[in-house]
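Structure first, then comments.
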Amino acid sequence: MRKFTSDELRNAWKQFYIDRGHVDVGAVSLVSDGSTGVMFNVAGMQPLMPYLLGQKHPLGTRLTNVQGCVRTNDIDSVGDKSHGTFFEMMGSWSLGDYFKKERCQWSFELLTELFGFDADHLAATVFAGDENAPRDEEGAKYRIESGFKPENIFYLPAEDNWWGLEYGPCGPDSEMFYVKDVPPCGPDCGPGCHCGKYTEIGNDVFMQYEKHQDGTLTPLSQKNVDTGWGLERILAFLNGLDDVYKIDLHAPAISYIEEASGVKYDSDEKLTRSMRILADHTRTSVMLIGDPAKLLPSNAGAGYVLRRLIRRAVRHARALNLKKENILKVAQIYIDVYSNSYPLLAKNRDFVINELTKEIDRFESTLENGMKEFKKILEASKGTIDGKKAFYLYDTFGFPIELTIELAEEEGLTVDEEGFKAAMEEQKQKARDNQNFSAKLSNSDAIFDSLSADIKTTFVGYTDTSCKGKIVAVAGEESLKDILSEGENGTIVTDVTSFYGTMGGQVGDKGTISTKDGEFVVTETIHLPNSRVGHIGYVSKGTIKTNEEADIKVDDANRLDTCKNHSATHLLQKALKIVLGDHVEQKGSLVTPDRLRFDFSHDQAMTADQIVQVEKIVNSEISAALDVVTEEMSLEESAKTGAMALFGEKYQGTVRVVSMGKGKSGNTEADYKEAFSVELCGGTHVSNTSQIRNIKILSESGVAAGVRRIEALTGDSVIAYYNDLENTLNEAAKILKTNPSEILKKIEHLQAELKAANSEIDSLKSAAAKEALGDLTNQTVDVKGVKLLSAKLDNVDMGSLRDLGDSLKDKIGDGVVALISTNEGKVNIVVMATDSAVKAGAHAGNLIKAVAPIVGGGGGGRPNMAQAGGKNPAGVDDALAAVKTELEKML
C-alpha cells in the first residue's frame with residue numbers, strides 16, 4: 001500500500017477522475033438548504049440532488065470533488081478511534097452517463113493502481129435483494145470482471161447494501177473491503193463482521209430509484225452512480241494507523257492537548273476519549289462558523305447543534321483541566337491545518353475565534369449557575385430526573401437536554417425525556433390547526449400529481465406584467481376540477497404567466513385572470529412542483545374552466561411597490577457592509593408591497609448613529625437615480641462581476657445579475673466595480689433607484705444569536721408613515737393643550753411637576769408612618785446583649801419602610817431593627833443591623849432568608865441591610881416572633 005498525506009490524497013483522488021473525463025465541481029457549504037430533510041450536508045452527493053433527479057448540471061455528466069460533511073446522529077460514538085462529527089467525503093458521480101461496468105472497473109483500478117492494494121486481499125458486497133428491489137447480479141458480475149475473486153463477493157441485505165437519505169435518489173450499493181491475513185472468527189465470518197478481518201475502504205452506490213416521502217420507490221429517469229470514500233478513514237488505513245486521531249489532520253491538535261493537559265494520549269481510556277471529543281467538536285465548530293453560511297450558535301436547528309458541540313467540547317476540556325484559552329488554541333491549530341484546503345477559514349479566522357469565545361463565555365456562565373441548580377435537582381431525584389425539571393434547567397439556565405442526560409448518566413440516573421418534550425411542547429403552544437387555504441394547498445402538492453409531466457408554466461413576468469395564456473388546470477382545496485363558480489376559492493395553473501410566484505423572500509403577485517365567461521382574482525401566487533405556477537384566489541364573477549384562453553394581468557401598482565422594497569434591500573445590504581463591515585451577510589428577507597424585512601449577520605445591536613448612517617447612504621443612492629440593470633449570464637461569467645451570492649439560494653446554469661449604478665465604459669469588469677451594488681437575484685426590481693423615492697428604517701432588533709433584523713418602508717408607505725406620525729403628534733398636542741412644536745417642553749414641565757408631587761407624597765407618607773408608629777424605642781428588647789426593635793405596620797410601602805428603619809436605627813444607637821408592613825394584600829419586610837450588632841453575629845440578610853418564607857416570600861441582602869416581599873399577610877405575627885428566635889441563634 002502507498003502512504004499519503006491528507007493533501008496528497010485529496011489531490012490524487014481528484015486527478016484520478018479528471019484523467020477519466022470528470023470535472024472537479026468544488027465543495028459547497030456544510031449547511032444544507034433543507035431540500036433533503038436534513039440540517040447539514042451529510043454526504044457528498046447531497047448538494048447534487050437536483051442533478052441526480054434529472055436536471056442538467058452545467059459542468060457535465062461526470063463530476064468529482066472532496067466535500068466536507070457533518071453528521072451528528074452518532075455523536076455518542078465520538079470519542080472512539082474512528083468516529084467524528086466532521087469528515088471529508090471524496091466523491092465521484094455519473095449523471096446518466098456510465099453505470100455499473102465502468103464504475104466497477106475504475107474502483108478496482110483506484111484500489112490496485114493508485115493505492116497499491118493487493119487484489120487477492122480485496123472483497124466486495126452487493127445487494128441481496130428483497131420485496132422492494134431485485135438481487136444485484138449485475139453488480140456482482142462486473143466486480144468479478146474488474147478483478148475481484150468470485151469467492152470474495154458477498155450478498156448482504158438492504159440494511160448493509162442499500163443507500164439513500166430520508167427521500168430522494170437511492171439504490172443498491174456495493175462496498176469494498178480489505179481482507180487481513182488473519183483466521184476467520186467462524187463459519188459466518190465476512191464483511192460486516194466486527195472481528196477485524198474485514199475493513200471497509202470504499203462504497204459505490206448505483207442510484208436507480210427515487211424514494212418519495214410516502215416511502216414508495218419509482219425508477220429514476222436516468223441511472224446515476226455515486227462513489228463516496230471517507231478521506232480520514234482511508235488515510236489512516238493507507239498509513240497503517242488504526243486511529244483516525246493519529247492522522248496528520250488531527251495530530252497537531254492532539255499533540256497540543258497532550259502538552260497543555262499533561263495527559264499522554266492513549267494512557268487513560270476516559271481521558272483519551274475526552275481528548276478526541278475536544279478535538280473533534282472544536283474542529284467541527286471551526287468548520288461550521290468559518291463556513292460560507294457563517295453558522296452561529298442558537299437555540300434552534302443547525303445553530304443548536306453547533307451550540308451543543310461547543311458546549312460538549314468545553315465540558316471535556318474541563319475534564320482535562322483545560323481552559324477557554326486552550327480550546328481557542330486548538331481551534332487556531334485546525335484553522336492552520338485546513339487553511340490550504342479551505343482558504344475561507346483563514347480569511348474568517350478572527351470571526352471564528354470571536355464567536356467561539358462568546359459562546360464559551362456564555363456556557364461557562366451557564367455551567368456556573370446551572371450546575372448549582374442541577375445538584376439540587378440531583379439530590380431530590382430518585383433514579384430519574386423529572387422531565388419538567390429537565391425543561392426548567394433548559395428554559396432557565398440554557399442547559400441542553402443532552403447535557404442534562406450526560407450529567408445524569410455520570411451519576412447513574414436517567415432523565416424523563418418524554419416529560420421534557422411534553423413540557424417543551426406545552427410552552428410552544430403551537431396553533432397547528434389554523435391553516436389558511438394557501439397553506440393547506442402548499443402542503444397538498446399531490447393534488448397536481450395526476451397532471452401530465454408536460455404541463456408546465458412559462459414565466460414572462462420579468463418583461464411583461466400582462467399576457468395571454470391558457471388555463472391548463474383548475475383545483476379546489478382538495479382535488480382537481482373542471483370548473484370553478486362565482487364565490488369559490490381555488491388555484492389556477494396556466495401555460496404562460498406574468499405573475500411572479502413567492503420565492504427568495506419576495507411575495508408573489510396579485511391581479512386577475514379573465515376569460516370570456518368569468519374573472520378570477522389572484523390573491524397569492526406560489527410555485528408548484530414540476531415547474532408550475534399556482535395562482536391562488538377566488539372567482540369574482542362568472543365561471544372559470546380548464547382549457548379556456550385567458551387574459552392574465554398583474555396588479556401593476558402592487559408589483560411596483562414590491563419592486564421598490566426588493567431593490568431597497570439590495571441597497572440596504574451594501575450600506576450595512578459599508579457601515580458595519582464586510583462580515584455582514586444576508587440571513588433572510590421578506591419583501592412585500594407594504595414593507596421590507598432584512599435579516600443579516602452581526603453580533604451586536606446597531607447604535608442609533610449607525611442606523612442613521614445606513615438610512616442616509618440608502619437615501620443618497622436612491623436620490624442618485626442609479627440605473628438598475630438585470631443581465632442573464634452563466635454562473636462562471638457572474639463570478640467575474642463580483643456579484644454577491646446569497647447563501648441558501650440554488651444557482652444553476654444561467655443566473656440573473658442585478659447591478660445598481662453599473663458603469664458604462666464598455667469594460668465589463670471595471671463597470672461592475674463602479675456599481676454601488678451587484679447581486680445574484682431572481683426577483684423583480686425597479687428600473688432606476690429614483691423610483692424607490694425614499695426609505696425609512698422603522699426598527700433594528702435581534703432575532704437569533706449573531707443575527708439582526710431591520711424593518712423598513714419605502715415610497716408611499718414612508719409618506720403614509722409620516723402622515724400617521726403627524727396625526728399622532730397633533731392629537732398628543734391637543735391632549736397636552738399645546739402646539740406640536742412645544743410638546744417636548746410641555747412634557748418636561750409635566751415631568752418636573754410630577755417629580756415634585758411624588759416627592760411631596762413620599763414625605764407625607766413617611767411623616768404619616770412615623771406618626772402612626774409613635775415612639776417605639778420603649779419596645780426594644782435585649783437579645784443576648786443586642787438590642788432588637790421589631791414592629792408591625794399597615795399600608796407602608798417598601799421605600800417608606802426603609803426610611804423608617806434608618807430613623808429607628810439611629811434612635812436605638814446599636815442593635816437590630818425589623819419592620820414588617822402589609823400593603824394592598826402584600827407584605828414588605830426590612831431588617832437593618834448596626835456595625836456593632838453585625839460584629840456580635842447578627843446578619844440582616846440571613847434573618848430575611850429565615851423569616852420571609854413565613855409570609856410566602858423570599859429575599860436577602862447584606863449583613864447590615866436586607867429586604868423581602870411576601871404574599872401571605874396572615875403570617876406577619878409569626879414572622880415577627882421568628883425574628884427574635886433567629887437572632888438568638890446567630891448571637
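Labeling convention for the C-alpha cells: chains A, B, ... as they appear, residues from 1 per chain, ligands from 1 in order of appearance.
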DSSP-assigned strand (DSSP E or B) members of stretch 650-873 of chain A, reported as JSON, numbers by chain:
{"A": [654, 655, 656, 657, 658, 659, 660, 677, 678, 679, 680, 688, 695, 696, 697, 698, 699, 700, 701, 702, 703, 704, 707, 708, 709, 710, 711, 712, 713, 714, 781, 782, 783, 786, 787, 788, 789, 790, 791, 792, 793, 794, 816, 817, 818, 819, 820, 821, 822, 823, 826, 827, 828, 829, 830, 831, 832, 833, 858, 859, 860, 861, 865, 866, 867, 868, 869, 870]}
List as JSON, numbers by chain the protein and nucleic acid residues near A:Ala124, meaning an atom at most 7 Å away when only C-alpha atoms are counted, but skip any in the same chain fewer than 5 places from it.
{"A": [152, 153, 154, 174, 175, 176, 177]}
note - atom CA of A:Phe117 and atom CA of A:Lys180 are separated by 11.5 Å
Close residues, A:His57 itself excluded, 12 Å, only C-alpha atoms, min 5 positions apart in chain, as a VMD selection string
chain A and resid 23 25 47 to 52 62 to 63 93 to 96 635 651 to 654
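For the pair atom CA of A:Ser687 and atom CA of A:Asp627, the interatomic distance is 6.1 Å.
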Which neighbours of stretch 518-531 of chain A fall inside 9 Å, counting only C-alpha atoms, when residues of the same chain fewer than 5 positions from it are skipped, and could you give them as a ChimeraX atom specification?
/A:438,442,445,448-449,453-458,485-486,491-492,499-503,507-513,536-545,554
Rounded to one decimal, what separation in Å do you get between atom CA of A:Asp76 and atom CA of A:Phe40?
17.8 Å
Hey, what's within 12 Å of stretch 187-194 of chain A if we count only C-alpha atoms and toss same-chain stuff fewer than 2 positions away? As a PyMOL selection string, please?
chain A and resi 122-126+151-157+159-161+174-180+182-185+196-201
Go ahead and write the selection's residues with N, CA and C atoms as a short mmCIF file (atom, residue, chain, number, x, y, z; two decimals), in the first residue's frame.
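Everything below was put into selection37.cif:
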```cif
data_model
loop_
_atom_site.label_atom_id
_atom_site.label_comp_id
_atom_site.auth_asym_id
_atom_site.auth_seq_id
_atom_site.Cartn_x
_atom_site.Cartn_y
_atom_site.Cartn_z
N LEU A 122 -8.75 -8.13 -1.60
CA LEU A 122 -9.94 -7.28 -1.77
C LEU A 122 -11.21 -8.12 -1.81
N ALA A 123 -12.27 -7.60 -1.17
CA ALA A 123 -13.58 -8.24 -1.19
C ALA A 123 -14.63 -7.17 -1.44
N ALA A 124 -15.82 -7.60 -1.88
CA ALA A 124 -16.90 -6.65 -2.14
C ALA A 124 -18.24 -7.27 -1.75
N THR A 125 -19.17 -6.40 -1.36
CA THR A 125 -20.53 -6.84 -1.07
C THR A 125 -21.48 -6.26 -2.10
N VAL A 126 -22.57 -6.97 -2.37
CA VAL A 126 -23.62 -6.48 -3.27
C VAL A 126 -24.97 -6.75 -2.62
N GLU A 151 -14.98 -15.77 -4.99
CA GLU A 151 -15.23 -16.19 -3.61
C GLU A 151 -15.20 -15.02 -2.63
N ASN A 152 -14.78 -13.86 -3.10
CA ASN A 152 -14.74 -12.66 -2.24
C ASN A 152 -15.91 -11.71 -2.53
N ILE A 153 -16.93 -12.21 -3.19
CA ILE A 153 -18.15 -11.43 -3.42
C ILE A 153 -19.23 -11.93 -2.46
N PHE A 154 -19.83 -11.04 -1.68
CA PHE A 154 -20.80 -11.42 -0.66
C PHE A 154 -22.12 -10.67 -0.90
N TYR A 155 -23.23 -11.38 -0.77
CA TYR A 155 -24.56 -10.78 -0.90
C TYR A 155 -25.09 -10.45 0.49
N LEU A 156 -25.44 -9.20 0.71
CA LEU A 156 -25.94 -8.77 2.01
C LEU A 156 -27.28 -8.04 1.85
N PRO A 157 -28.10 -8.00 2.92
CA PRO A 157 -29.44 -7.40 2.84
C PRO A 157 -29.40 -5.88 2.76
N GLU A 159 -30.15 -3.56 4.82
CA GLU A 159 -29.57 -2.80 5.94
C GLU A 159 -28.07 -2.61 5.78
N ASP A 160 -27.43 -3.45 4.95
CA ASP A 160 -25.99 -3.33 4.69
C ASP A 160 -25.69 -2.77 3.31
N ASN A 161 -26.53 -3.05 2.33
CA ASN A 161 -26.21 -2.70 0.95
C ASN A 161 -27.34 -1.99 0.21
N SER A 174 -22.55 -1.13 -3.28
CA SER A 174 -21.56 -2.20 -3.27
C SER A 174 -20.34 -1.69 -2.53
N GLU A 175 -20.07 -2.27 -1.39
CA GLU A 175 -18.96 -1.82 -0.55
C GLU A 175 -17.72 -2.67 -0.82
N MET A 176 -16.56 -2.04 -0.70
CA MET A 176 -15.28 -2.71 -0.92
C MET A 176 -14.53 -2.82 0.39
N PHE A 177 -13.87 -3.95 0.60
CA PHE A 177 -13.19 -4.25 1.86
C PHE A 177 -11.77 -4.74 1.61
N TYR A 178 -10.90 -4.47 2.59
CA TYR A 178 -9.56 -5.08 2.61
C TYR A 178 -9.62 -6.26 3.56
N VAL A 179 -9.11 -7.40 3.09
CA VAL A 179 -9.17 -8.64 3.88
C VAL A 179 -7.80 -8.89 4.50
N LYS A 180 -7.74 -8.87 5.81
CA LYS A 180 -6.48 -9.09 6.52
C LYS A 180 -6.12 -10.57 6.55
N VAL A 182 -5.68 -12.86 8.65
CA VAL A 182 -5.95 -13.43 9.97
C VAL A 182 -7.04 -14.47 9.81
N PRO A 183 -7.08 -15.48 10.68
CA PRO A 183 -8.09 -16.54 10.55
C PRO A 183 -9.49 -15.95 10.74
N PRO A 184 -10.49 -16.51 10.04
CA PRO A 184 -11.87 -16.06 10.25
C PRO A 184 -12.32 -16.40 11.66
N CYS A 185 -13.26 -15.58 12.16
CA CYS A 185 -13.72 -15.80 13.54
C CYS A 185 -14.70 -16.96 13.64
N GLY A 196 -12.50 -7.88 12.83
CA GLY A 196 -11.31 -7.17 12.38
C GLY A 196 -10.68 -7.73 11.13
N LYS A 197 -11.21 -8.84 10.62
CA LYS A 197 -10.64 -9.43 9.40
C LYS A 197 -10.96 -8.57 8.17
N TYR A 198 -12.15 -7.94 8.17
CA TYR A 198 -12.60 -7.14 7.02
C TYR A 198 -12.68 -5.66 7.40
N THR A 199 -12.01 -4.81 6.61
CA THR A 199 -12.04 -3.36 6.84
C THR A 199 -12.63 -2.67 5.62
N GLU A 200 -13.73 -1.93 5.83
CA GLU A 200 -14.37 -1.22 4.72
C GLU A 200 -13.48 -0.08 4.25
N ILE A 201 -13.31 0.04 2.91
CA ILE A 201 -12.46 1.11 2.39
C ILE A 201 -13.15 1.99 1.34
#
```
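Here the question is which of A:Ser623, A:Gln67, A:Val314, A:Gln46 gets nearest to A:Lys14 using only C-alpha atoms, and that residue is A:Gln67.
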